[in-house]
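**Student:** Data: structure_20.cif, mmCIF, N, CA and C atoms.
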data_work
loop_
_atom_site.label_atom_id
_atom_site.label_comp_id
_atom_site.auth_asym_id
_atom_site.auth_seq_id
_atom_site.Cartn_x
_atom_site.Cartn_y
_atom_site.Cartn_z
N MET A 1 -33.61 42.85 2.49
CA MET A 1 -32.28 43.29 2.16
C MET A 1 -31.25 42.21 2.53
N LYS A 2 -31.38 41.64 3.76
CA LYS A 2 -30.46 40.60 4.18
C LYS A 2 -30.56 39.39 3.26
N LYS A 3 -31.79 39.09 2.86
CA LYS A 3 -32.02 37.94 1.98
C LYS A 3 -31.31 38.17 0.64
N THR A 4 -31.41 39.37 0.10
CA THR A 4 -30.78 39.70 -1.17
C THR A 4 -29.26 39.59 -1.05
N LEU A 5 -28.70 40.09 0.04
CA LEU A 5 -27.26 40.00 0.25
C LEU A 5 -26.81 38.54 0.38
N LEU A 6 -27.59 37.73 1.07
CA LEU A 6 -27.25 36.31 1.21
C LEU A 6 -27.28 35.60 -0.15
N ILE A 7 -28.27 35.93 -0.95
CA ILE A 7 -28.38 35.33 -2.28
C ILE A 7 -27.19 35.75 -3.13
N LEU A 8 -26.84 37.02 -3.12
CA LEU A 8 -25.69 37.51 -3.89
C LEU A 8 -24.39 36.86 -3.41
N ALA A 9 -24.24 36.74 -2.10
CA ALA A 9 -23.05 36.10 -1.55
C ALA A 9 -22.97 34.64 -2.00
N ALA A 10 -24.10 33.96 -2.00
CA ALA A 10 -24.13 32.56 -2.44
C ALA A 10 -23.77 32.44 -3.91
N ILE A 11 -24.24 33.36 -4.72
CA ILE A 11 -23.93 33.34 -6.15
C ILE A 11 -22.44 33.57 -6.37
N VAL A 12 -21.89 34.58 -5.70
CA VAL A 12 -20.46 34.88 -5.84
C VAL A 12 -19.62 33.70 -5.36
N PHE A 13 -19.99 33.11 -4.23
CA PHE A 13 -19.27 31.95 -3.71
C PHE A 13 -19.36 30.78 -4.70
N GLY A 14 -20.53 30.56 -5.25
CA GLY A 14 -20.73 29.48 -6.21
C GLY A 14 -19.90 29.67 -7.46
N LEU A 15 -19.84 30.87 -7.98
CA LEU A 15 -19.04 31.14 -9.16
C LEU A 15 -17.55 30.98 -8.87
N THR A 16 -17.12 31.43 -7.73
CA THR A 16 -15.73 31.29 -7.34
C THR A 16 -15.37 29.82 -7.18
N ALA A 17 -16.24 29.05 -6.56
CA ALA A 17 -15.98 27.63 -6.36
C ALA A 17 -15.93 26.89 -7.69
N CYS A 18 -16.73 27.30 -8.65
CA CYS A 18 -16.75 26.64 -9.95
C CYS A 18 -15.46 26.87 -10.72
N GLU A 19 -14.78 27.96 -10.44
CA GLU A 19 -13.55 28.27 -11.16
C GLU A 19 -12.34 27.57 -10.58
N LYS A 20 -12.46 26.98 -9.41
CA LYS A 20 -11.34 26.30 -8.78
C LYS A 20 -11.07 24.99 -9.51
N SER A 21 -9.83 24.76 -9.86
CA SER A 21 -9.45 23.54 -10.56
C SER A 21 -9.30 22.38 -9.59
N THR A 22 -9.63 21.21 -10.08
CA THR A 22 -9.46 19.99 -9.31
C THR A 22 -8.00 19.53 -9.36
N TYR A 23 -7.38 19.67 -10.54
CA TYR A 23 -6.03 19.17 -10.77
C TYR A 23 -5.03 20.32 -10.84
N VAL A 24 -3.79 20.01 -10.48
CA VAL A 24 -2.70 20.97 -10.58
C VAL A 24 -2.21 20.97 -12.03
N ASP A 25 -2.16 22.14 -12.64
CA ASP A 25 -1.69 22.25 -14.01
C ASP A 25 -0.27 21.69 -14.12
N GLY A 26 -0.02 20.96 -15.20
CA GLY A 26 1.31 20.42 -15.42
C GLY A 26 1.29 19.27 -16.39
N THR A 27 2.45 18.71 -16.64
CA THR A 27 2.59 17.55 -17.51
C THR A 27 2.96 16.37 -16.64
N TYR A 28 2.27 15.26 -16.87
CA TYR A 28 2.43 14.07 -16.04
C TYR A 28 2.75 12.87 -16.93
N LYS A 29 3.68 12.04 -16.46
CA LYS A 29 4.06 10.84 -17.21
C LYS A 29 4.09 9.66 -16.25
N VAL A 30 3.45 8.57 -16.68
CA VAL A 30 3.42 7.35 -15.89
C VAL A 30 3.75 6.19 -16.83
N SER A 31 4.62 5.32 -16.38
CA SER A 31 4.95 4.13 -17.17
C SER A 31 5.04 2.93 -16.24
N TYR A 32 4.91 1.75 -16.83
CA TYR A 32 5.13 0.55 -16.05
C TYR A 32 6.63 0.45 -15.75
N ASP A 33 6.96 -0.23 -14.67
CA ASP A 33 8.36 -0.32 -14.26
C ASP A 33 9.11 -1.47 -14.93
N ALA A 34 8.42 -2.25 -15.75
CA ALA A 34 9.06 -3.37 -16.44
C ALA A 34 8.33 -3.64 -17.76
N PRO A 35 9.07 -4.15 -18.74
CA PRO A 35 8.41 -4.46 -20.01
C PRO A 35 7.51 -5.68 -19.91
N HIS A 36 6.55 -5.72 -20.81
CA HIS A 36 5.63 -6.85 -20.93
C HIS A 36 5.65 -7.26 -22.40
N TYR A 37 6.08 -8.47 -22.68
CA TYR A 37 6.25 -8.94 -24.05
C TYR A 37 7.14 -7.99 -24.86
N GLY A 38 8.18 -7.48 -24.22
CA GLY A 38 9.17 -6.67 -24.93
C GLY A 38 8.86 -5.19 -25.02
N TYR A 39 7.73 -4.74 -24.51
CA TYR A 39 7.37 -3.33 -24.57
C TYR A 39 6.90 -2.84 -23.21
N THR A 40 7.19 -1.58 -22.93
CA THR A 40 6.75 -0.95 -21.68
C THR A 40 5.73 0.13 -22.01
N ALA A 41 4.54 -0.01 -21.44
CA ALA A 41 3.46 0.96 -21.68
C ALA A 41 3.73 2.24 -20.90
N PHE A 42 3.34 3.37 -21.50
CA PHE A 42 3.45 4.66 -20.82
C PHE A 42 2.36 5.59 -21.32
N VAL A 43 2.06 6.60 -20.51
CA VAL A 43 1.18 7.68 -20.94
C VAL A 43 1.77 8.98 -20.42
N GLU A 44 1.71 10.00 -21.25
CA GLU A 44 2.13 11.34 -20.85
C GLU A 44 1.05 12.30 -21.32
N PHE A 45 0.69 13.25 -20.47
CA PHE A 45 -0.38 14.19 -20.82
C PHE A 45 -0.20 15.48 -20.05
N THR A 46 -0.87 16.51 -20.53
CA THR A 46 -0.85 17.82 -19.88
C THR A 46 -2.23 18.13 -19.35
N VAL A 47 -2.30 18.70 -18.15
CA VAL A 47 -3.55 19.17 -17.57
C VAL A 47 -3.45 20.69 -17.42
N THR A 48 -4.44 21.39 -17.95
CA THR A 48 -4.53 22.84 -17.79
C THR A 48 -5.97 23.19 -17.46
N LYS A 49 -6.18 23.72 -16.27
CA LYS A 49 -7.52 24.10 -15.81
C LYS A 49 -8.52 22.96 -15.99
N ASP A 50 -8.12 21.77 -15.54
CA ASP A 50 -8.94 20.57 -15.58
C ASP A 50 -9.28 20.08 -17.00
N VAL A 51 -8.49 20.47 -17.96
CA VAL A 51 -8.65 20.00 -19.33
C VAL A 51 -7.37 19.26 -19.73
N VAL A 52 -7.54 18.06 -20.26
CA VAL A 52 -6.40 17.24 -20.67
C VAL A 52 -6.07 17.52 -22.13
N SER A 53 -4.77 17.59 -22.43
CA SER A 53 -4.32 17.78 -23.81
C SER A 53 -2.99 17.04 -24.00
N ASN A 54 -2.54 17.00 -25.23
CA ASN A 54 -1.24 16.42 -25.57
C ASN A 54 -1.04 15.01 -25.03
N VAL A 55 -2.04 14.16 -25.17
CA VAL A 55 -1.93 12.79 -24.66
C VAL A 55 -1.01 11.99 -25.58
N ASP A 56 -0.04 11.34 -24.97
CA ASP A 56 0.88 10.45 -25.69
C ASP A 56 0.86 9.11 -24.96
N PHE A 57 0.11 8.17 -25.52
CA PHE A 57 0.06 6.82 -24.98
C PHE A 57 0.71 5.89 -26.00
N ASP A 58 1.60 5.04 -25.55
CA ASP A 58 2.25 4.10 -26.45
C ASP A 58 3.04 3.10 -25.60
N TYR A 59 3.87 2.35 -26.27
CA TYR A 59 4.75 1.38 -25.63
C TYR A 59 6.13 1.58 -26.24
N MET A 60 7.17 1.48 -25.41
CA MET A 60 8.54 1.52 -25.92
C MET A 60 9.13 0.13 -25.81
N ASN A 61 9.99 -0.22 -26.81
CA ASN A 61 10.62 -1.53 -26.74
C ASN A 61 11.74 -1.52 -25.71
N ASP A 62 12.35 -2.67 -25.50
CA ASP A 62 13.38 -2.83 -24.46
C ASP A 62 14.57 -1.89 -24.64
N THR A 63 14.89 -1.56 -25.87
CA THR A 63 16.06 -0.71 -26.12
C THR A 63 15.67 0.77 -26.25
N VAL A 64 14.40 1.09 -26.03
CA VAL A 64 13.87 2.46 -26.03
C VAL A 64 14.17 3.19 -27.35
N ASP A 65 14.07 2.46 -28.44
CA ASP A 65 14.29 3.11 -29.72
C ASP A 65 13.16 2.86 -30.72
N LEU A 66 12.11 2.16 -30.29
CA LEU A 66 10.99 1.89 -31.19
C LEU A 66 9.69 1.85 -30.40
N ARG A 67 8.73 2.63 -30.88
CA ARG A 67 7.39 2.61 -30.30
C ARG A 67 6.61 1.48 -30.95
N LYS A 68 5.73 0.88 -30.17
CA LYS A 68 4.90 -0.20 -30.70
C LYS A 68 4.05 0.30 -31.87
N SER A 69 3.58 1.55 -31.80
CA SER A 69 2.76 2.10 -32.89
C SER A 69 3.54 2.29 -34.18
N GLU A 70 4.87 2.21 -34.12
CA GLU A 70 5.71 2.37 -35.31
C GLU A 70 6.32 1.05 -35.77
N ASP A 71 6.04 -0.03 -35.06
CA ASP A 71 6.62 -1.34 -35.36
C ASP A 71 5.79 -2.01 -36.45
N GLU A 72 6.19 -1.82 -37.69
CA GLU A 72 5.43 -2.33 -38.83
C GLU A 72 5.35 -3.86 -38.87
N PRO A 73 6.44 -4.59 -38.59
CA PRO A 73 6.31 -6.05 -38.57
C PRO A 73 5.32 -6.54 -37.50
N TYR A 74 5.31 -5.89 -36.34
CA TYR A 74 4.35 -6.25 -35.29
C TYR A 74 2.93 -6.00 -35.78
N ALA A 75 2.70 -4.85 -36.39
CA ALA A 75 1.37 -4.51 -36.91
C ALA A 75 0.93 -5.52 -37.97
N ALA A 76 1.85 -5.93 -38.82
CA ALA A 76 1.52 -6.89 -39.88
C ALA A 76 1.13 -8.25 -39.31
N ARG A 77 1.73 -8.63 -38.18
CA ARG A 77 1.36 -9.90 -37.54
C ARG A 77 0.05 -9.79 -36.77
N MET A 78 -0.20 -8.64 -36.16
CA MET A 78 -1.37 -8.48 -35.31
C MET A 78 -2.66 -8.29 -36.09
N PHE A 79 -2.61 -7.51 -37.15
CA PHE A 79 -3.84 -7.14 -37.85
C PHE A 79 -4.66 -8.34 -38.32
N PRO A 80 -4.07 -9.34 -38.95
CA PRO A 80 -4.88 -10.48 -39.40
C PRO A 80 -5.55 -11.25 -38.26
N VAL A 81 -4.95 -11.21 -37.09
CA VAL A 81 -5.48 -11.96 -35.94
C VAL A 81 -6.53 -11.14 -35.19
N ALA A 82 -6.24 -9.85 -34.94
CA ALA A 82 -7.09 -9.03 -34.08
C ALA A 82 -7.99 -8.05 -34.85
N GLY A 83 -7.71 -7.84 -36.11
CA GLY A 83 -8.50 -6.87 -36.88
C GLY A 83 -8.10 -5.43 -36.60
N THR A 84 -7.03 -5.26 -35.87
CA THR A 84 -6.49 -3.94 -35.58
C THR A 84 -5.00 -4.09 -35.32
N SER A 85 -4.32 -2.98 -35.18
CA SER A 85 -2.89 -2.99 -34.87
C SER A 85 -2.56 -1.68 -34.16
N PRO A 86 -1.40 -1.63 -33.50
CA PRO A 86 -1.06 -0.44 -32.71
C PRO A 86 -1.10 0.88 -33.49
N ASP A 87 -0.74 0.86 -34.75
CA ASP A 87 -0.78 2.10 -35.53
C ASP A 87 -2.21 2.58 -35.75
N ILE A 88 -3.17 1.70 -35.57
CA ILE A 88 -4.59 2.06 -35.71
C ILE A 88 -5.20 2.39 -34.34
N TYR A 89 -5.03 1.50 -33.35
CA TYR A 89 -5.76 1.69 -32.10
C TYR A 89 -5.11 2.68 -31.13
N ILE A 90 -3.80 2.86 -31.19
CA ILE A 90 -3.16 3.79 -30.24
C ILE A 90 -3.64 5.23 -30.44
N PRO A 91 -3.72 5.75 -31.66
CA PRO A 91 -4.27 7.11 -31.81
C PRO A 91 -5.72 7.23 -31.33
N VAL A 92 -6.50 6.16 -31.49
CA VAL A 92 -7.89 6.18 -31.01
C VAL A 92 -7.92 6.26 -29.48
N LEU A 93 -7.08 5.46 -28.83
CA LEU A 93 -7.02 5.50 -27.37
C LEU A 93 -6.55 6.86 -26.87
N GLU A 94 -5.59 7.44 -27.55
CA GLU A 94 -5.11 8.78 -27.16
C GLU A 94 -6.24 9.80 -27.27
N GLN A 95 -7.00 9.73 -28.34
CA GLN A 95 -8.11 10.66 -28.52
C GLN A 95 -9.17 10.46 -27.45
N GLN A 96 -9.47 9.20 -27.12
CA GLN A 96 -10.45 8.92 -26.08
C GLN A 96 -9.99 9.45 -24.72
N LEU A 97 -8.71 9.31 -24.41
CA LEU A 97 -8.18 9.83 -23.15
C LEU A 97 -8.27 11.36 -23.12
N GLU A 98 -7.97 11.99 -24.25
CA GLU A 98 -8.03 13.44 -24.31
C GLU A 98 -9.46 13.96 -24.10
N GLU A 99 -10.43 13.18 -24.52
CA GLU A 99 -11.83 13.58 -24.39
C GLU A 99 -12.52 13.00 -23.15
N ALA A 100 -11.78 12.26 -22.34
CA ALA A 100 -12.36 11.60 -21.17
C ALA A 100 -12.86 12.61 -20.14
N VAL A 101 -13.92 12.22 -19.45
CA VAL A 101 -14.42 13.01 -18.33
C VAL A 101 -13.46 12.79 -17.17
N ILE A 102 -12.94 13.89 -16.60
CA ILE A 102 -12.02 13.76 -15.46
C ILE A 102 -12.52 14.48 -14.21
N VAL A 103 -13.57 15.28 -14.34
CA VAL A 103 -14.13 16.02 -13.20
C VAL A 103 -15.60 15.69 -13.09
N PRO A 104 -16.13 15.29 -11.96
CA PRO A 104 -15.44 15.24 -10.68
C PRO A 104 -14.51 14.04 -10.54
N ASP A 105 -14.73 12.98 -11.32
CA ASP A 105 -13.88 11.80 -11.27
C ASP A 105 -13.61 11.32 -12.69
N PHE A 106 -12.52 10.60 -12.86
CA PHE A 106 -12.15 10.04 -14.15
C PHE A 106 -13.11 8.91 -14.52
N VAL A 107 -13.70 9.02 -15.69
CA VAL A 107 -14.55 7.97 -16.24
C VAL A 107 -13.71 7.23 -17.28
N GLU A 108 -13.43 5.97 -17.00
CA GLU A 108 -12.56 5.20 -17.89
C GLU A 108 -13.09 5.15 -19.31
N ILE A 109 -12.15 5.11 -20.25
CA ILE A 109 -12.51 5.03 -21.67
C ILE A 109 -12.94 3.61 -22.00
N ASP A 110 -13.71 3.48 -23.09
CA ASP A 110 -14.20 2.17 -23.50
C ASP A 110 -13.12 1.34 -24.19
N GLY A 111 -12.26 1.99 -24.93
CA GLY A 111 -11.22 1.26 -25.64
C GLY A 111 -11.60 0.93 -27.05
N VAL A 112 -10.89 -0.05 -27.61
CA VAL A 112 -11.03 -0.43 -29.00
C VAL A 112 -11.11 -1.95 -29.08
N THR A 113 -12.03 -2.46 -29.87
CA THR A 113 -12.14 -3.90 -30.06
C THR A 113 -10.81 -4.43 -30.61
N GLY A 114 -10.32 -5.49 -29.99
CA GLY A 114 -9.06 -6.09 -30.41
C GLY A 114 -7.86 -5.55 -29.66
N ALA A 115 -8.09 -4.52 -28.82
CA ALA A 115 -6.99 -3.92 -28.06
C ALA A 115 -7.39 -3.74 -26.59
N THR A 116 -8.03 -4.77 -26.06
CA THR A 116 -8.54 -4.70 -24.69
C THR A 116 -7.41 -4.47 -23.68
N GLY A 117 -6.31 -5.17 -23.83
CA GLY A 117 -5.18 -5.01 -22.91
C GLY A 117 -4.60 -3.61 -22.95
N SER A 118 -4.52 -3.05 -24.13
CA SER A 118 -3.98 -1.69 -24.26
C SER A 118 -4.94 -0.67 -23.67
N ALA A 119 -6.24 -0.87 -23.84
CA ALA A 119 -7.21 0.05 -23.24
C ALA A 119 -7.12 -0.02 -21.72
N ALA A 120 -6.94 -1.22 -21.17
CA ALA A 120 -6.80 -1.38 -19.72
C ALA A 120 -5.53 -0.67 -19.23
N ALA A 121 -4.44 -0.83 -19.97
CA ALA A 121 -3.19 -0.16 -19.60
C ALA A 121 -3.35 1.36 -19.67
N ALA A 122 -4.00 1.85 -20.72
CA ALA A 122 -4.21 3.29 -20.87
C ALA A 122 -5.05 3.83 -19.72
N ASN A 123 -6.13 3.14 -19.38
CA ASN A 123 -6.98 3.57 -18.26
C ASN A 123 -6.21 3.58 -16.94
N TYR A 124 -5.48 2.52 -16.69
CA TYR A 124 -4.75 2.42 -15.42
C TYR A 124 -3.68 3.51 -15.31
N LEU A 125 -2.82 3.62 -16.32
CA LEU A 125 -1.73 4.60 -16.27
C LEU A 125 -2.26 6.03 -16.22
N PHE A 126 -3.30 6.31 -17.00
CA PHE A 126 -3.90 7.64 -17.00
C PHE A 126 -4.49 7.96 -15.62
N GLY A 127 -5.16 6.98 -15.02
CA GLY A 127 -5.73 7.16 -13.69
C GLY A 127 -4.66 7.45 -12.64
N VAL A 128 -3.53 6.74 -12.73
CA VAL A 128 -2.42 7.00 -11.80
C VAL A 128 -1.88 8.41 -12.03
N GLY A 129 -1.78 8.81 -13.28
CA GLY A 129 -1.31 10.17 -13.59
C GLY A 129 -2.25 11.23 -13.05
N LEU A 130 -3.55 10.99 -13.17
CA LEU A 130 -4.52 11.94 -12.62
C LEU A 130 -4.44 12.02 -11.10
N GLU A 131 -4.18 10.89 -10.46
CA GLU A 131 -4.01 10.89 -9.00
C GLU A 131 -2.83 11.80 -8.63
N ALA A 132 -1.74 11.70 -9.38
CA ALA A 132 -0.59 12.57 -9.13
C ALA A 132 -0.94 14.03 -9.39
N ALA A 133 -1.79 14.26 -10.39
CA ALA A 133 -2.17 15.62 -10.76
C ALA A 133 -3.05 16.29 -9.70
N LEU A 134 -3.64 15.51 -8.81
CA LEU A 134 -4.42 16.11 -7.73
C LEU A 134 -3.54 16.98 -6.82
N SER A 135 -2.31 16.53 -6.61
CA SER A 135 -1.39 17.29 -5.75
C SER A 135 -0.26 17.94 -6.55
N GLY A 136 -0.08 17.49 -7.79
CA GLY A 136 1.00 18.01 -8.61
C GLY A 136 2.30 17.25 -8.46
N GLU A 137 2.30 16.20 -7.62
CA GLU A 137 3.53 15.45 -7.39
C GLU A 137 3.23 13.96 -7.33
N PRO A 138 4.05 13.10 -7.79
CA PRO A 138 5.17 13.38 -8.68
C PRO A 138 4.68 13.56 -10.10
N SER A 139 5.41 14.29 -10.89
CA SER A 139 4.98 14.52 -12.27
C SER A 139 5.41 13.39 -13.19
N GLU A 140 6.36 12.58 -12.75
CA GLU A 140 6.80 11.43 -13.54
C GLU A 140 7.04 10.26 -12.60
N GLN A 141 6.47 9.10 -12.95
CA GLN A 141 6.63 7.95 -12.08
C GLN A 141 6.53 6.63 -12.84
N GLU A 142 7.10 5.60 -12.24
CA GLU A 142 7.00 4.23 -12.74
C GLU A 142 6.19 3.44 -11.73
N VAL A 143 5.30 2.59 -12.23
CA VAL A 143 4.45 1.79 -11.35
C VAL A 143 4.48 0.35 -11.83
N PRO A 144 4.27 -0.59 -10.91
CA PRO A 144 4.17 -1.99 -11.35
C PRO A 144 2.87 -2.21 -12.12
N GLU A 145 2.96 -3.12 -13.07
CA GLU A 145 1.76 -3.48 -13.83
C GLU A 145 0.82 -4.23 -12.90
N PRO A 146 -0.45 -3.86 -12.89
CA PRO A 146 -1.38 -4.56 -11.99
C PRO A 146 -1.54 -6.03 -12.38
N ALA A 147 -1.79 -6.86 -11.39
CA ALA A 147 -2.02 -8.27 -11.64
C ALA A 147 -3.32 -8.45 -12.41
N GLU A 148 -3.34 -9.40 -13.30
CA GLU A 148 -4.53 -9.62 -14.13
C GLU A 148 -5.61 -10.32 -13.37
#
Would you write the structure of this file as C-alpha cells?
**Tutor:**
Amino acid sequence: MKKTLLILAAIVFGLTACEKSTYVDGTYKVSYDAPHYGYTAFVEFTVTKDVVSNVDFDYMNDTVDLRKSEDEPYAARMFPVAGTSPDIYIPVLEQQLEEAVIVPDFVEIDGVTGATGSAAAANYLFGVGLEAALSGEPSEQEVPEPAE
C-alpha cells in the first residue's frame, strides 16, 4: 500500500513539474545599442507557456523609418553578390527562431547561406531575450553588439 501511494505521489509530482514553465509569459524585445553599417538589428517575440510566437527579427535604419527587409535598393545590390537578400532571408530566420528548441536550453538556429552575420545577430539577440524571459525582466533592452 505504501509503495502504491509513493508511486502515485511520484506520478502526480512528475506531472505537476512537467507543467511548470521555464520562461515567464510575455513579449520581449532586444536590440543592439548602436547601428552597424547604417542599420540596428533587433528581435521581438512572445513567449507563452514555453512556446515562442510572433517573432519579428529585422534591422532598422538610422532614421527608424525603413526596415532592411523592405530596402529594395539594398536587396538589389546584395542578391547578385550573396545569392540572397534581406527580403528573402529575414523571414526564414524568423521562422527558424519561432521553431527553435528553447527548453531546457536554447539551441541556436543554423541560419541561411549568405546571411551568416544576420543569423549570428538573430541567435545572440534571441538568446539575450530568452535570458530576460527567465525572470520576466526586463522585457525590452538594448545591448552592445558582441565583438567579432
**Student:** As a list in words, please: all residues of stretch 12-124 of chain A that backbone DSSP puts in strand (DSSP E).
**Tutor:** Gly26, Thr27, Tyr28, Lys29, Val30, Ser31, Tyr32, Tyr39, Thr40, Ala41, Phe42, Val43, Glu44, Phe45, Thr46, Val47, Thr48, Val51, Val52, Ser53, Asn54, Val55, Asp56, Phe57, Asp58, Tyr59, Met60 and Asn61 of chain A
**Student:** For A:Glu94, which of A:Val143, A:Leu125, A:Ala120, A:Val43 is the closest residue, counting only C-alpha atoms?
**Tutor:**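 Answer, going by the shortest atom-to-atom distance: A:Val43.
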**Student:** When the PyMOL selection byres ((chain A and resi 144) around 8) is applied to the structure above, which residues does it catch, written out as a VMD selection string?
**Tutor:** chain A and resid 31 to 34 141 to 143 145 to 147
**Student:** Apply the PyMOL selection byres ((chain A and resi 57) around 6) to the file shown and report the selected residues as a PyMOL selection string.
**Tutor:** chain A and resi 42-44+55-56+58-59+94
**Student:** Determine, counting only N, CA and C atoms, which protein, DNA and RNA residues have an atom within 6.5 Å of an atom of A:Ala82; residues of the same chain fewer than 4 positions away are not included. Present the result as a PDB file with N, CA and C atoms, in the frame of the given file.
**Tutor:**
ATOM      1  N   MET A  78      -0.200  -8.640 -36.160  1.00  0.00           N
ATOM      2  CA  MET A  78      -1.370  -8.480 -35.310  1.00  0.00           C
ATOM      3  C   MET A  78      -2.660  -8.290 -36.090  1.00  0.00           C
ATOM      4  N   THR A 113     -12.030  -2.460 -29.870  1.00  0.00           N
ATOM      5  CA  THR A 113     -12.140  -3.900 -30.060  1.00  0.00           C
ATOM      6  C   THR A 113     -10.810  -4.430 -30.610  1.00  0.00           C
ATOM      7  N   GLY A 114     -10.320  -5.490 -29.990  1.00  0.00           N
ATOM      8  CA  GLY A 114      -9.060  -6.090 -30.410  1.00  0.00           C
ATOM      9  C   GLY A 114      -7.860  -5.550 -29.660  1.00  0.00           C
TER      10      GLY A 114
END
**Student:** Work out how far apart atom N of A:Ser69 and atom N of A:Asp87 are and give it in Å to one decimal.
**Tutor:**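 According to the coordinates, atom N of A:Ser69 and atom N of A:Asp87 are separated by 5.3 Å.
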**Student:** Quick one, how far is atom CA of A:Pro35 from atom CA of A:Glu108?
**Tutor:** 23.2 Å
**Student:** What do you get, as a PDB file with N, CA and C atoms, keeping the file's coordinate frame, if you spell out every residue that the PyMOL selection byres ((chain A and resi 48) around 8) selects here?
**Tutor:**
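Output below, filename expr.pdb:
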ATOM      1  N   SER A  21      -9.830  24.760  -9.860  1.00  0.00           N
ATOM      2  CA  SER A  21      -9.450  23.540 -10.560  1.00  0.00           C
ATOM      3  C   SER A  21      -9.300  22.380  -9.590  1.00  0.00           C
ATOM      4  N   TYR A  23      -7.380  19.670 -10.540  1.00  0.00           N
ATOM      5  CA  TYR A  23      -6.030  19.170 -10.770  1.00  0.00           C
ATOM      6  C   TYR A  23      -5.030  20.320 -10.840  1.00  0.00           C
ATOM      7  N   VAL A  24      -3.790  20.010 -10.480  1.00  0.00           N
ATOM      8  CA  VAL A  24      -2.700  20.970 -10.580  1.00  0.00           C
ATOM      9  C   VAL A  24      -2.210  20.970 -12.030  1.00  0.00           C
ATOM     10  N   ASP A  25      -2.160  22.140 -12.640  1.00  0.00           N
ATOM     11  CA  ASP A  25      -1.690  22.250 -14.010  1.00  0.00           C
ATOM     12  C   ASP A  25      -0.270  21.690 -14.120  1.00  0.00           C
ATOM     13  N   GLY A  26      -0.020  20.960 -15.200  1.00  0.00           N
ATOM     14  CA  GLY A  26       1.310  20.420 -15.420  1.00  0.00           C
ATOM     15  C   GLY A  26       1.290  19.270 -16.390  1.00  0.00           C
ATOM     16  N   THR A  27       2.450  18.710 -16.640  1.00  0.00           N
ATOM     17  CA  THR A  27       2.590  17.550 -17.510  1.00  0.00           C
ATOM     18  C   THR A  27       2.960  16.370 -16.640  1.00  0.00           C
ATOM     19  N   PHE A  45       0.690  13.250 -20.470  1.00  0.00           N
ATOM     20  CA  PHE A  45      -0.380  14.190 -20.820  1.00  0.00           C
ATOM     21  C   PHE A  45      -0.200  15.480 -20.050  1.00  0.00           C
ATOM     22  N   THR A  46      -0.870  16.510 -20.530  1.00  0.00           N
ATOM     23  CA  THR A  46      -0.850  17.820 -19.880  1.00  0.00           C
ATOM     24  C   THR A  46      -2.230  18.130 -19.350  1.00  0.00           C
ATOM     25  N   VAL A  47      -2.300  18.700 -18.150  1.00  0.00           N
ATOM     26  CA  VAL A  47      -3.550  19.170 -17.570  1.00  0.00           C
ATOM     27  C   VAL A  47      -3.450  20.690 -17.420  1.00  0.00           C
ATOM     28  N   LYS A  49      -6.180  23.720 -16.270  1.00  0.00           N
ATOM     29  CA  LYS A  49      -7.520  24.100 -15.810  1.00  0.00           C
ATOM     30  C   LYS A  49      -8.520  22.960 -15.990  1.00  0.00           C
ATOM     31  N   ASP A  50      -8.120  21.770 -15.540  1.00  0.00           N
ATOM     32  CA  ASP A  50      -8.940  20.570 -15.580  1.00  0.00           C
ATOM     33  C   ASP A  50      -9.280  20.080 -17.000  1.00  0.00           C
ATOM     34  N   VAL A  51      -8.490  20.470 -17.960  1.00  0.00           N
ATOM     35  CA  VAL A  51      -8.650  20.000 -19.330  1.00  0.00           C
ATOM     36  C   VAL A  51      -7.370  19.260 -19.730  1.00  0.00           C
ATOM     37  N   VAL A  52      -7.540  18.060 -20.260  1.00  0.00           N
ATOM     38  CA  VAL A  52      -6.400  17.240 -20.670  1.00  0.00           C
ATOM     39  C   VAL A  52      -6.070  17.520 -22.130  1.00  0.00           C
ATOM     40  N   SER A  53      -4.770  17.590 -22.430  1.00  0.00           N
ATOM     41  CA  SER A  53      -4.320  17.780 -23.810  1.00  0.00           C
ATOM     42  C   SER A  53      -2.990  17.040 -24.000  1.00  0.00           C
TER      43      SER A  53
END
**Student:** Would you mind reading off the distance between atom CA of A:Ala115 and atom CA of A:Leu93, one decimal, in Å?
**Tutor:** 9.4 Å
**Student:** Which residue, A:Val103, A:Tyr37, A:Leu97, A:Arg67, has the smallest gap to A:Phe126 when you use all atoms listed in the file?
**Tutor:**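 Among the listed residues, A:Leu97 lies closest to A:Phe126.
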